[in-house]
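Student: mmCIF, C-alpha atoms, saved as my_file_3.cif, coming up:
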data_start
#
loop_
_atom_site.label_atom_id
_atom_site.label_comp_id
_atom_site.auth_asym_id
_atom_site.auth_seq_id
_atom_site.Cartn_x
_atom_site.Cartn_y
_atom_site.Cartn_z
CA MET A 23 -5.53 45.78 37.76
CA ALA A 24 -4.41 48.75 35.71
CA ALA A 25 -1.29 48.95 37.84
CA VAL A 26 1.04 48.05 35.02
CA GLY A 27 -0.65 49.89 32.18
CA MET A 28 -0.55 53.54 33.10
CA ARG A 29 2.05 56.03 32.06
CA ASN A 30 2.27 58.03 35.25
CA LEU A 31 4.18 56.05 37.85
CA VAL A 32 2.29 57.48 40.81
CA HIS A 33 -0.99 56.46 39.23
CA CYS A 34 0.45 52.98 38.81
CA VAL A 35 1.23 52.80 42.51
CA LEU A 36 -2.24 54.04 43.41
CA ALA A 37 -3.79 51.30 41.28
CA LEU A 38 -1.43 48.80 42.91
CA THR A 39 -2.55 49.91 46.36
CA LEU A 40 -6.14 49.48 45.28
CA ALA A 41 -5.35 45.96 44.08
CA PHE A 42 -3.69 45.15 47.42
CA ALA A 43 -6.71 46.46 49.32
CA GLY A 44 -8.97 44.32 47.15
CA LEU A 45 -6.82 41.31 47.92
CA ALA A 46 -7.08 42.08 51.63
CA ALA A 47 -10.86 42.14 51.23
CA ALA A 48 -10.67 38.75 49.51
CA TYR A 49 -8.63 37.37 52.41
CA LEU A 50 -11.18 38.66 54.92
CA GLN A 51 -13.96 37.15 52.84
CA LEU A 52 -12.15 33.82 52.93
CA GLY A 53 -12.04 33.85 56.70
CA ALA A 54 -8.37 34.67 57.18
CA GLN A 55 -8.66 37.75 59.33
CA PHE A 56 -5.07 37.88 60.46
CA VAL A 57 -3.66 37.60 56.94
CA GLY A 58 -6.09 40.25 55.72
CA PHE A 59 -4.95 42.76 58.30
CA VAL A 60 -1.30 41.85 57.75
CA GLN A 61 -1.88 42.46 54.06
CA ILE A 62 -3.29 45.91 54.75
CA LEU A 63 -0.48 46.79 57.15
CA VAL A 64 2.43 45.46 55.12
CA TYR A 65 1.36 46.09 51.54
CA VAL A 66 -0.98 49.06 51.67
CA GLY A 67 0.94 50.64 54.51
CA ALA A 68 4.58 49.85 53.95
CA VAL A 69 5.34 48.55 50.48
CA ALA A 70 3.22 51.17 48.69
CA ILE A 71 4.88 53.98 50.65
CA LEU A 72 8.29 52.47 49.91
CA ILE A 73 7.53 52.33 46.19
CA VAL A 74 6.27 55.92 46.21
CA PHE A 75 9.47 57.04 47.92
CA ALA A 76 11.57 55.17 45.37
CA ILE A 77 9.63 56.76 42.52
CA LEU A 78 10.06 60.24 43.97
CA LEU A 79 13.78 59.65 44.56
CA THR A 80 14.36 58.44 41.03
CA ARG A 81 12.22 61.02 39.36
CA GLY A 82 13.48 63.27 36.62
CA SER A 83 14.91 60.73 34.24
CA GLU A 84 11.74 59.93 32.38
CA SER A 85 10.24 62.42 29.99
CA ALA A 86 6.84 62.37 28.39
CA ASN A 87 7.92 61.12 25.01
CA THR A 88 10.12 58.20 25.95
CA PRO A 89 8.48 54.90 25.14
CA MET A 90 7.15 53.26 28.25
CA LEU A 91 7.32 49.69 27.04
CA SER A 92 10.55 47.83 26.58
CA LYS A 93 11.78 46.57 23.24
CA GLY A 94 10.45 43.04 23.31
CA TRP A 95 7.02 43.89 24.67
CA ILE A 96 5.12 41.86 22.10
CA SER A 97 6.82 38.67 23.22
CA GLY A 98 6.19 39.68 26.84
CA VAL A 99 2.47 40.07 26.26
CA LEU A 100 2.46 36.82 24.32
CA ILE A 101 4.16 34.96 27.17
CA ALA A 102 1.75 36.42 29.74
CA VAL A 103 -1.32 35.51 27.68
CA LEU A 104 0.11 32.04 27.13
CA VAL A 105 0.65 31.55 30.86
CA LEU A 106 -2.87 32.78 31.58
CA GLY A 107 -4.28 30.36 29.00
CA VAL A 108 -2.34 27.44 30.45
CA LEU A 109 -3.50 28.29 33.99
CA ILE A 110 -7.15 28.62 32.97
CA TYR A 111 -6.95 25.41 30.96
CA ALA A 112 -5.42 23.55 33.87
CA LEU A 113 -8.15 24.94 36.13
CA ALA A 114 -10.94 23.97 33.77
CA SER A 115 -9.65 20.45 33.20
CA SER A 116 -8.68 19.78 36.78
CA SER A 117 -10.51 17.10 38.67
CA ALA A 118 -8.92 17.78 42.01
CA LEU A 119 -11.16 20.68 42.95
CA PRO A 120 -13.47 20.00 45.85
CA ARG A 121 -17.14 20.04 45.00
CA GLY A 122 -18.80 20.84 48.26
CA ILE A 123 -18.35 23.82 50.50
CA PRO A 124 -16.75 22.86 53.80
CA PRO A 125 -17.93 24.78 56.83
CA ALA A 126 -16.16 28.03 57.45
CA PRO A 127 -13.17 27.46 59.70
CA ASP A 128 -13.33 29.29 62.96
CA ILE A 129 -9.76 30.46 63.29
CA ALA A 130 -9.01 32.95 65.99
CA VAL A 131 -5.89 35.07 65.95
CA ARG A 132 -4.99 33.39 69.22
CA GLN A 133 -4.55 30.07 67.42
CA VAL A 134 -2.32 31.70 64.82
CA GLY A 135 -0.13 33.15 67.52
CA ASP A 136 -0.06 29.83 69.30
CA ALA A 137 1.12 28.04 66.17
CA LEU A 138 3.68 30.75 65.48
CA MET A 139 5.10 30.49 68.96
CA ARG A 140 5.18 26.71 69.24
CA ARG A 141 5.29 24.79 66.03
CA PHE A 142 6.69 27.46 63.75
CA VAL A 143 9.01 29.23 66.14
CA LEU A 144 12.18 28.39 64.22
CA PRO A 145 10.86 29.71 60.87
CA LEU A 146 9.71 32.81 62.74
CA GLU A 147 13.21 33.43 64.04
CA ILE A 148 14.68 32.81 60.60
CA VAL A 149 12.24 35.31 59.08
CA GLY A 150 13.25 37.86 61.68
CA LEU A 151 16.90 37.29 60.81
CA LEU A 152 16.10 37.59 57.11
CA LEU A 153 14.26 40.86 57.64
CA THR A 154 17.17 42.25 59.63
CA ALA A 155 19.61 41.20 56.94
CA ALA A 156 17.39 42.76 54.26
CA LEU A 157 17.17 45.99 56.24
CA ILE A 158 20.94 46.26 56.66
CA GLY A 159 21.55 45.22 53.07
CA GLY A 160 19.05 47.74 51.74
CA VAL A 161 20.62 50.55 53.76
CA ILE A 162 24.13 49.64 52.65
CA ILE A 163 23.17 49.28 48.99
CA ALA A 164 21.24 52.53 48.89
CA MET A 165 23.86 54.47 50.84
CA GLN A 166 27.04 53.95 48.89
CA GLU A 167 28.18 56.83 46.76
CA PRO A 168 31.46 56.13 45.04
CA LYS A 169 31.95 59.54 43.50
CA LYS A 170 31.75 61.89 46.45
CA PRO A 171 33.03 60.26 49.63
CA ALA A 172 31.80 61.44 53.02
CA ALA A 173 29.26 63.95 51.81
CA SER A 174 27.40 64.05 55.12
CA PRO A 175 28.37 63.05 58.65
CA GLU A 176 26.11 60.00 58.61
CA GLN A 177 27.61 58.69 55.42
CA GLY A 178 31.09 59.41 56.62
CA ARG A 179 30.49 57.46 59.79
CA ALA A 180 28.94 54.60 57.85
CA GLN A 181 31.87 54.48 55.48
CA ARG A 182 34.40 54.68 58.24
CA GLY A 183 32.72 51.88 60.14
CA PRO A 184 33.81 48.95 57.98
CA THR A 185 37.30 50.32 57.45
CA ASP A 186 38.17 50.89 61.08
CA PRO A 187 38.64 47.22 62.01
CA THR A 188 40.90 46.70 59.02
CA THR A 189 43.13 49.56 59.98
CA HIS A 190 43.29 48.31 63.51
CA SER A 191 44.04 44.80 62.40
CA HIS A 192 47.17 45.91 60.58
CA PRO A 193 49.28 47.62 63.22
CA MET B 16 -20.24 24.15 43.80
CA SER B 17 -17.59 25.81 45.82
CA PRO B 18 -16.34 29.30 44.91
CA LEU B 19 -12.76 28.07 44.84
CA PRO B 20 -12.41 28.23 41.01
CA GLY B 21 -13.46 31.87 41.10
CA TYR B 22 -10.61 32.71 43.43
CA LEU B 23 -8.22 30.63 41.36
CA VAL B 24 -9.26 32.45 38.18
CA LEU B 25 -8.76 35.80 39.94
CA SER B 26 -5.33 34.67 41.08
CA SER B 27 -4.47 33.51 37.55
CA PHE B 28 -5.40 36.93 36.17
CA LEU B 29 -3.31 38.64 38.85
CA PHE B 30 -0.36 36.42 38.02
CA ALA B 31 -0.68 37.06 34.29
CA ILE B 32 -0.97 40.83 34.82
CA GLY B 33 2.07 40.80 37.08
CA LEU B 34 4.04 38.72 34.60
CA ALA B 35 3.11 41.04 31.75
CA GLY B 36 4.09 44.05 33.86
CA ALA B 37 7.41 42.51 34.80
CA LEU B 38 8.16 41.62 31.20
CA ILE B 39 7.03 44.63 29.21
CA ARG B 40 7.63 47.73 31.31
CA ARG B 41 10.82 49.75 30.94
CA ASN B 42 10.92 51.21 34.40
CA ALA B 43 12.66 49.06 36.99
CA ILE B 44 10.21 50.04 39.73
CA LEU B 45 7.29 48.81 37.65
CA VAL B 46 9.09 45.51 37.15
CA LEU B 47 9.25 45.18 40.93
CA VAL B 48 5.54 46.02 41.10
CA GLY B 49 4.85 43.18 38.68
CA ILE B 50 6.83 40.79 40.86
CA GLU B 51 4.83 41.89 43.90
CA LEU B 52 1.60 41.21 42.01
CA MET B 53 2.78 37.70 41.17
CA LEU B 54 3.66 37.02 44.81
CA ASN B 55 0.22 38.22 45.85
CA ALA B 56 -1.41 35.90 43.34
CA ALA B 57 0.44 33.00 44.95
CA ASN B 58 -0.69 34.18 48.40
CA LEU B 59 -4.31 34.30 47.24
CA ASN B 60 -3.97 30.73 46.00
CA PHE B 61 -2.62 29.63 49.37
CA ILE B 62 -5.47 31.25 51.27
CA ALA B 63 -8.15 29.93 48.90
CA PHE B 64 -6.87 26.37 49.06
CA TRP B 65 -6.55 26.64 52.83
CA ARG B 66 -10.15 27.83 53.17
CA PHE B 67 -11.61 25.05 51.04
CA SER B 68 -9.35 22.28 52.26
CA GLU B 69 -10.36 19.33 54.37
CA HIS B 70 -8.44 20.38 57.47
CA PRO B 71 -8.44 24.15 57.80
CA GLU B 72 -7.56 23.89 61.47
CA ALA B 73 -4.00 22.94 60.52
CA LEU B 74 -3.30 26.62 59.72
CA THR B 75 -0.54 25.80 57.25
CA GLY B 76 -1.91 28.05 54.52
CA ILE B 77 -2.14 31.06 56.79
CA LEU B 78 1.34 30.57 58.21
CA PHE B 79 2.86 30.04 54.78
CA VAL B 80 1.26 33.27 53.60
CA ILE B 81 2.59 35.15 56.63
CA PHE B 82 6.15 34.00 55.94
CA SER B 83 5.69 34.70 52.25
CA ILE B 84 4.58 38.27 53.01
CA ALA B 85 7.66 38.75 55.20
CA VAL B 86 9.96 37.50 52.47
CA ALA B 87 8.17 39.67 49.90
CA ALA B 88 8.65 42.73 52.10
CA ALA B 89 12.36 41.99 52.42
CA GLU B 90 12.58 41.52 48.67
CA ALA B 91 10.81 44.81 48.02
CA ALA B 92 13.15 46.69 50.37
CA VAL B 93 16.32 45.27 48.82
CA GLY B 94 14.96 45.65 45.29
CA LEU B 95 14.08 49.30 45.75
CA ALA B 96 17.48 49.95 47.34
CA LEU B 97 19.05 48.40 44.25
CA VAL B 98 16.89 50.59 42.00
CA ILE B 99 18.00 53.70 43.88
CA SER B 100 21.63 52.63 43.63
CA ILE B 101 21.26 51.99 39.90
CA TYR B 102 19.61 55.39 39.51
CA ARG B 103 22.51 57.08 41.26
CA HIS B 104 24.94 55.33 39.00
CA TYR B 105 23.22 55.57 35.63
CA LYS B 106 20.87 58.51 36.25
CA THR B 107 18.01 56.47 34.83
CA THR B 108 15.66 53.69 35.81
CA ASN B 109 15.13 52.60 32.25
CA LEU B 110 16.13 48.97 32.09
CA ASP B 111 16.97 49.08 28.39
CA GLN B 112 19.71 51.60 29.06
CA VAL B 113 21.21 49.73 31.99
CA ASN B 114 23.16 47.30 29.87
CA ARG B 115 26.69 47.40 31.19
CA LEU B 116 27.97 45.17 33.93
CA GLN B 117 31.10 47.13 34.73
CA GLY B 118 30.03 50.72 35.00
#
Please lay out the structure from this file as C-alpha coordinates.

Tutor:
Amino acid sequence: MAAVGMRNLVHCVLALTLAFAGLAAAYLQLGAQFVGFVQILVYVGAVAILIVFAILLTRGSESANTPMLSKGWISGVLIAVLVLGVLIYALASSSALPRGIPPAPDIAVRQVGDALMRRFVLPLEIVGLLLTAALIGGVIIAMQEPKKPAASPEQGRAQRGPTDPTTHSHP
Amino acid sequence: MSPLPGYLVLSSFLFAIGLAGALIRRNAILVLVGIELMLNAANLNFIAFWRFSEHPEALTGILFVIFSIAVAAAEAAVGLALVISIYRHYKTTNLDQVNRLQG
(Lines of atoms letter the chains of each structure in order from A and count residues from 1; the text may use other names and numbers.)
(Lines give C-alpha, C1' and ligand atoms only; values in the text may rest on other atoms or scores of the structure.)
Protein backbone atom coordinates (compact mmCIF):
# COMPACT_ATOMS: atom_id res chain seq x y z
CA MET A 1 0.00 0.00 0.00
CA ALA A 2 3.04 2.24 0.04
CA ALA A 3 3.15 2.03 -3.74
CA VAL A 4 2.35 5.68 -4.24
CA GLY A 5 4.31 7.17 -1.36
CA MET A 6 7.93 6.31 -2.02
CA ARG A 7 10.45 8.48 -3.75
CA ASN A 8 12.32 5.80 -5.65
CA LEU A 9 10.22 4.64 -8.58
CA VAL A 10 11.54 1.08 -8.54
CA HIS A 11 10.59 0.76 -4.88
CA CYS A 12 7.13 1.98 -5.82
CA VAL A 13 6.80 -0.77 -8.40
CA LEU A 14 8.02 -3.39 -5.93
CA ALA A 15 5.37 -2.28 -3.45
CA LEU A 16 2.80 -2.36 -6.25
CA THR A 17 3.77 -5.93 -7.11
CA LEU A 18 3.40 -6.86 -3.46
CA ALA A 19 -0.08 -5.30 -3.44
CA PHE A 20 -1.02 -7.26 -6.57
CA ALA A 21 0.21 -10.50 -5.01
CA GLY A 22 -1.83 -9.75 -1.90
CA LEU A 23 -4.88 -9.20 -4.07
CA ALA A 24 -4.25 -12.52 -5.79
CA ALA A 25 -4.16 -14.14 -2.35
CA ALA A 26 -7.48 -12.48 -1.55
CA TYR A 27 -8.99 -13.85 -4.76
CA LEU A 28 -7.78 -17.35 -3.92
CA GLN A 29 -9.21 -16.97 -0.43
CA LEU A 30 -12.54 -16.00 -1.94
CA GLY A 31 -12.67 -19.16 -3.99
CA ALA A 32 -11.87 -17.69 -7.39
CA GLN A 33 -8.88 -19.77 -8.34
CA PHE A 34 -8.80 -18.88 -11.99
CA VAL A 35 -8.95 -15.13 -11.36
CA GLY A 36 -6.24 -15.45 -8.71
CA PHE A 37 -3.84 -17.13 -11.09
CA VAL A 38 -4.74 -14.74 -13.90
CA GLN A 39 -3.99 -11.91 -11.51
CA ILE A 40 -0.56 -13.34 -10.73
CA LEU A 41 0.22 -13.96 -14.40
CA VAL A 42 -1.04 -10.67 -15.80
CA TYR A 43 -0.26 -8.19 -13.05
CA VAL A 44 2.70 -9.62 -11.18
CA GLY A 45 4.16 -11.09 -14.33
CA ALA A 46 3.39 -8.70 -17.14
CA VAL A 47 2.23 -5.30 -15.96
CA ALA A 48 4.92 -4.96 -13.28
CA ILE A 49 7.64 -5.86 -15.78
CA LEU A 50 6.16 -3.40 -18.27
CA ILE A 51 6.17 -0.62 -15.69
CA VAL A 52 9.76 -1.41 -14.70
CA PHE A 53 10.80 -1.24 -18.35
CA ALA A 54 9.03 2.09 -18.78
CA ILE A 55 10.74 3.45 -15.68
CA LEU A 56 14.15 2.33 -16.88
CA LEU A 57 13.53 3.78 -20.35
CA THR A 58 12.46 7.14 -18.99
CA ARG A 59 15.11 7.36 -16.35
CA GLY A 60 17.46 10.29 -16.06
CA SER A 61 15.02 13.14 -15.98
CA GLU A 62 14.30 13.11 -12.29
CA SER A 63 16.89 14.29 -9.83
CA ALA A 64 16.91 13.89 -6.10
CA ASN A 65 15.79 17.37 -5.23
CA THR A 66 12.83 17.81 -7.53
CA PRO A 67 9.57 17.76 -5.63
CA MET A 68 7.82 14.47 -6.07
CA LEU A 69 4.29 15.71 -5.51
CA SER A 70 2.45 17.84 -7.98
CA LYS A 71 1.31 21.37 -7.27
CA GLY A 72 -2.21 20.73 -6.08
CA TRP A 73 -1.41 17.76 -3.89
CA ILE A 74 -3.33 19.04 -0.87
CA SER A 75 -6.57 19.07 -2.84
CA GLY A 76 -5.70 15.61 -4.20
CA VAL A 77 -5.28 14.16 -0.73
CA LEU A 78 -8.45 15.92 0.35
CA ILE A 79 -10.43 14.43 -2.53
CA ALA A 80 -9.06 10.94 -1.84
CA VAL A 81 -9.88 11.13 1.88
CA LEU A 82 -13.33 12.46 1.02
CA VAL A 83 -13.96 9.57 -1.37
CA LEU A 84 -12.76 7.09 1.24
CA GLY A 85 -15.07 8.63 3.84
CA VAL A 86 -18.05 8.49 1.50
CA LEU A 87 -17.34 4.84 0.63
CA ILE A 88 -16.95 3.81 4.27
CA TYR A 89 -20.08 5.73 5.22
CA ALA A 90 -22.06 4.11 2.45
CA LEU A 91 -20.75 0.71 3.57
CA ALA A 92 -21.62 1.31 7.20
CA SER A 93 -25.12 2.58 6.48
CA SER A 94 -25.94 0.05 3.80
CA SER A 95 -28.68 -2.43 4.45
CA ALA A 96 -28.15 -4.48 1.34
CA LEU A 97 -25.27 -6.53 2.70
CA PRO A 98 -26.07 -10.19 3.18
CA ARG A 99 -25.98 -11.37 6.76
CA GLY A 100 -25.30 -15.04 6.47
CA ILE A 101 -22.42 -16.83 4.85
CA PRO A 102 -23.51 -18.78 1.79
CA PRO A 103 -21.72 -22.04 1.18
CA ALA A 104 -18.50 -21.76 -0.73
CA PRO A 105 -19.16 -22.10 -4.44
CA ASP A 106 -17.46 -25.02 -6.04
CA ILE A 107 -16.32 -23.49 -9.29
CA ALA A 108 -13.94 -25.48 -11.39
CA VAL A 109 -11.83 -23.90 -14.08
CA ARG A 110 -13.64 -26.17 -16.51
CA GLN A 111 -16.88 -24.30 -15.87
CA VAL A 112 -15.17 -20.97 -16.46
CA GLY A 113 -13.83 -22.18 -19.77
CA ASP A 114 -17.22 -23.56 -20.67
CA ALA A 115 -18.88 -20.22 -20.02
CA LEU A 116 -16.15 -18.39 -21.91
CA MET A 117 -16.56 -20.61 -24.93
CA ARG A 118 -20.35 -20.69 -25.05
CA ARG A 119 -22.14 -17.83 -23.43
CA PHE A 120 -19.38 -15.23 -23.51
CA VAL A 121 -17.71 -16.13 -26.77
CA LEU A 122 -18.49 -12.82 -28.47
CA PRO A 123 -17.03 -10.69 -25.62
CA LEU A 124 -14.01 -12.98 -25.68
CA GLU A 125 -13.45 -12.29 -29.37
CA ILE A 126 -13.94 -8.57 -28.82
CA VAL A 127 -11.37 -8.62 -26.01
CA GLY A 128 -8.93 -10.40 -28.28
CA LEU A 129 -9.47 -7.74 -30.93
CA LEU A 130 -9.03 -5.01 -28.33
CA LEU A 131 -5.77 -6.52 -27.12
CA THR A 132 -4.47 -6.76 -30.67
CA ALA A 133 -5.42 -3.15 -31.33
CA ALA A 134 -3.75 -2.08 -28.08
CA LEU A 135 -0.59 -3.98 -29.00
CA ILE A 136 -0.36 -2.39 -32.44
CA GLY A 137 -1.25 1.02 -31.07
CA GLY A 138 1.33 0.78 -28.30
CA VAL A 139 4.05 -0.22 -30.76
CA ILE A 140 3.18 2.58 -33.16
CA ILE A 141 2.96 5.21 -30.43
CA ALA A 142 6.22 4.19 -28.81
CA MET A 143 8.07 3.82 -32.10
CA GLN A 144 7.62 7.16 -33.80
CA GLU A 145 10.58 9.48 -33.73
CA PRO A 146 9.93 12.67 -35.63
CA LYS A 147 13.41 14.13 -35.32
CA LYS A 148 15.63 11.43 -36.74
CA PRO A 149 13.88 9.44 -39.44
CA ALA A 150 14.92 5.86 -40.18
CA ALA A 151 17.49 5.50 -37.43
CA SER A 152 17.46 1.70 -37.57
CA PRO A 153 16.32 -0.78 -40.21
CA GLU A 154 13.28 -1.82 -38.19
CA GLN A 155 12.09 1.72 -37.78
CA GLY A 156 12.76 2.49 -41.40
CA ARG A 157 10.68 -0.47 -42.48
CA ALA A 158 7.90 0.48 -40.09
CA GLN A 159 7.87 4.03 -41.35
CA ARG A 160 7.96 2.98 -44.95
CA GLY A 161 5.09 0.57 -44.44
CA PRO A 162 2.24 3.08 -44.18
CA THR A 163 3.62 5.30 -46.92
CA ASP A 164 4.05 2.63 -49.56
CA PRO A 165 0.34 2.21 -50.36
CA THR A 166 -0.07 5.95 -50.72
CA THR A 167 2.74 6.20 -53.20
CA HIS A 168 1.35 3.31 -55.14
CA SER A 169 -2.12 4.76 -55.12
CA HIS A 170 -0.94 7.90 -56.88
CA PRO A 171 0.65 6.69 -60.09
CA MET B 1 -21.82 -12.10 9.94
CA SER B 2 -20.24 -12.50 6.59
CA PRO B 3 -16.73 -11.18 5.91
CA LEU B 4 -17.97 -9.22 2.92
CA PRO B 5 -17.65 -5.78 4.60
CA GLY B 6 -14.01 -6.52 5.36
CA TYR B 7 -13.28 -7.05 1.69
CA LEU B 8 -15.28 -3.98 0.78
CA VAL B 9 -13.33 -1.86 3.28
CA LEU B 10 -10.06 -3.21 1.86
CA SER B 11 -11.24 -2.37 -1.63
CA SER B 12 -12.26 1.13 -0.51
CA PHE B 13 -8.79 1.71 0.92
CA LEU B 14 -7.19 0.46 -2.29
CA PHE B 15 -9.38 2.77 -4.34
CA ALA B 16 -8.59 5.77 -2.14
CA ILE B 17 -4.85 5.04 -2.25
CA GLY B 18 -4.98 4.69 -6.02
CA LEU B 19 -6.96 7.90 -6.37
CA ALA B 20 -4.52 9.78 -4.15
CA GLY B 21 -1.60 8.39 -6.15
CA ALA B 22 -3.19 9.36 -9.44
CA LEU B 23 -3.94 12.85 -8.19
CA ILE B 24 -0.85 13.87 -6.27
CA ARG B 25 2.17 12.29 -7.94
CA ARG B 26 4.19 14.19 -10.52
CA ASN B 27 5.51 11.24 -12.44
CA ALA B 28 3.26 10.01 -15.22
CA ILE B 29 4.13 6.36 -14.57
CA LEU B 30 2.99 6.66 -10.97
CA VAL B 31 -0.29 8.13 -12.17
CA LEU B 32 -0.77 5.00 -14.26
CA VAL B 33 0.07 2.89 -11.20
CA GLY B 34 -2.66 4.70 -9.29
CA ILE B 35 -5.15 3.94 -12.05
CA GLU B 36 -4.17 0.27 -11.95
CA LEU B 37 -4.76 0.23 -8.20
CA MET B 38 -8.24 1.68 -8.68
CA LEU B 39 -9.07 -0.95 -11.30
CA ASN B 40 -7.90 -3.67 -8.94
CA ALA B 41 -10.11 -2.30 -6.19
CA ALA B 42 -13.08 -2.62 -8.54
CA ASN B 43 -12.04 -6.19 -9.39
CA LEU B 44 -11.86 -7.08 -5.70
CA ASN B 45 -15.38 -5.73 -5.26
CA PHE B 46 -16.62 -7.88 -8.14
CA ILE B 47 -15.06 -11.02 -6.72
CA ALA B 48 -16.27 -10.36 -3.17
CA PHE B 49 -19.84 -9.71 -4.27
CA TRP B 50 -19.73 -12.78 -6.51
CA ARG B 51 -18.54 -14.97 -3.63
CA PHE B 52 -21.23 -13.82 -1.22
CA SER B 53 -24.06 -13.59 -3.71
CA GLU B 54 -27.08 -15.83 -3.89
CA HIS B 55 -26.16 -17.51 -7.15
CA PRO B 56 -22.41 -17.92 -7.41
CA GLU B 57 -22.82 -20.58 -10.06
CA ALA B 58 -23.74 -17.89 -12.60
CA LEU B 59 -20.03 -16.97 -12.86
CA THR B 60 -20.76 -13.39 -13.91
CA GLY B 61 -18.40 -11.84 -11.38
CA ILE B 62 -15.48 -14.00 -12.44
CA LEU B 63 -16.03 -13.39 -16.14
CA PHE B 64 -16.44 -9.66 -15.64
CA VAL B 65 -13.16 -9.59 -13.74
CA ILE B 66 -11.40 -11.54 -16.49
CA PHE B 67 -12.53 -9.07 -19.14
CA SER B 68 -11.68 -6.18 -16.85
CA ILE B 69 -8.15 -7.52 -16.38
CA ALA B 70 -7.76 -7.81 -20.16
CA VAL B 71 -8.91 -4.23 -20.68
CA ALA B 72 -6.63 -3.04 -17.87
CA ALA B 73 -3.66 -4.78 -19.49
CA ALA B 74 -4.43 -3.09 -22.81
CA GLU B 75 -4.75 0.24 -21.04
CA ALA B 76 -1.43 -0.24 -19.27
CA ALA B 77 0.34 -1.08 -22.53
CA VAL B 78 -1.02 1.93 -24.39
CA GLY B 79 -0.50 4.22 -21.41
CA LEU B 80 3.13 3.25 -20.99
CA ALA B 81 3.71 3.64 -24.73
CA LEU B 82 2.28 7.15 -24.43
CA VAL B 83 4.56 7.88 -21.47
CA ILE B 84 7.60 6.75 -23.46
CA SER B 85 6.52 8.88 -26.42
CA ILE B 86 6.04 11.89 -24.14
CA TYR B 87 9.45 11.26 -22.61
CA ARG B 88 11.06 11.22 -26.03
CA HIS B 89 9.40 14.47 -26.90
CA TYR B 90 9.78 16.44 -23.69
CA LYS B 91 12.70 14.60 -22.07
CA THR B 92 10.73 14.39 -18.84
CA THR B 93 7.92 12.42 -17.28
CA ASN B 94 6.97 15.22 -14.95
CA LEU B 95 3.35 15.99 -15.64
CA ASP B 96 3.60 19.59 -14.44
CA GLN B 97 6.09 20.36 -17.18
CA VAL B 98 4.10 18.70 -19.95
CA ASN B 99 1.75 21.60 -20.46
CA ARG B 100 1.78 22.30 -24.16
CA LEU B 101 -0.56 20.70 -26.62
CA GLN B 102 1.36 21.58 -29.75
CA GLY B 103 4.93 20.67 -29.06

Student: Run the PyMOL selection byres ((chain B) within 6 of (chain A)) against the file shown and list the residues it catches, as an MDAnalysis selection string.

Tutor: chainID B and resid 16:17 31 34:36 38:41 89 93 96 100 107

Student: For the PyMOL selection byres ((chain B and resi 42) around 8), applied here, can you spell out every residue it catches as a PyMOL selection string?

Tutor: (chain A and resi 90) or (chain B and resi 40-41+43-46+108-110)

Student: Output C-alpha atoms for every residue in that selection, as a PDB file, in the frame of the given file.

Tutor:
ATOM      1  CA  MET A  90       7.150  53.260  28.250  1.00  0.00           C
TER       2      MET A  90
ATOM      3  CA  ARG B  40       7.630  47.730  31.310  1.00  0.00           C
ATOM      4  CA  ARG B  41      10.820  49.750  30.940  1.00  0.00           C
ATOM      5  CA  ALA B  43      12.660  49.060  36.990  1.00  0.00           C
ATOM      6  CA  ILE B  44      10.210  50.040  39.730  1.00  0.00           C
ATOM      7  CA  LEU B  45       7.290  48.810  37.650  1.00  0.00           C
ATOM      8  CA  VAL B  46       9.090  45.510  37.150  1.00  0.00           C
ATOM      9  CA  THR B 108      15.660  53.690  35.810  1.00  0.00           C
ATOM     10  CA  ASN B 109      15.130  52.600  32.250  1.00  0.00           C
ATOM     11  CA  LEU B 110      16.130  48.970  32.090  1.00  0.00           C
TER      12      LEU B 110
END

Student: Env of Leu23 (chain B): 9 Å cut, atoms = only C-alpha atoms, seq-sep filter 4 positions within chain, self excluded. Answer as a PyMOL selection string.

Tutor: (chain A and resi 110+113) or (chain B and resi 18-19+27-28+56+59-60+63-64)

Student: Using only C-alpha atoms, determine which residues lie at most 7 Å from Gly76 (chain B), disregarding the query and same-chain residues fewer than 2 positions distant; provide the list as a CSV table (one decimal) with C-alpha atoms, keeping the file's coordinate frame.

Tutor:
chain,number,residue,atom,x,y,z
B,61,PHE,CA,-2.6,29.6,49.4
B,62,ILE,CA,-5.5,31.2,51.3
B,65,TRP,CA,-6.6,26.6,52.8
B,74,LEU,CA,-3.3,26.6,59.7
B,78,LEU,CA,1.3,30.6,58.2
B,79,PHE,CA,2.9,30.0,54.8
B,80,VAL,CA,1.3,33.3,53.6

Student: Find the distance between CA of Gly94 (chain B) and CA of Leu25 (chain B) and write it in Å to one decimal.

Tutor: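 Between CA of Gly94 (chain B) and CA of Leu25 (chain B) the gap works out to 26.2 Å.
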
Student: May I ask for the distance between CA of Ser83 (chain B) and CA of Leu52 (chain B), given in Å to one decimal place?

Tutor: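 Atom-to-atom, CA of Ser83 (chain B) and CA of Leu52 (chain B) are spaced 12.8 Å apart.
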
Student: At what distance in Å, to one decimal, does CA of Ala57 (chain B) lie from CA of Phe30 (chain B)?

Tutor: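 For CA of Phe30 (chain B) relative to CA of Ala57 (chain B), the distance reads 7.8 Å.
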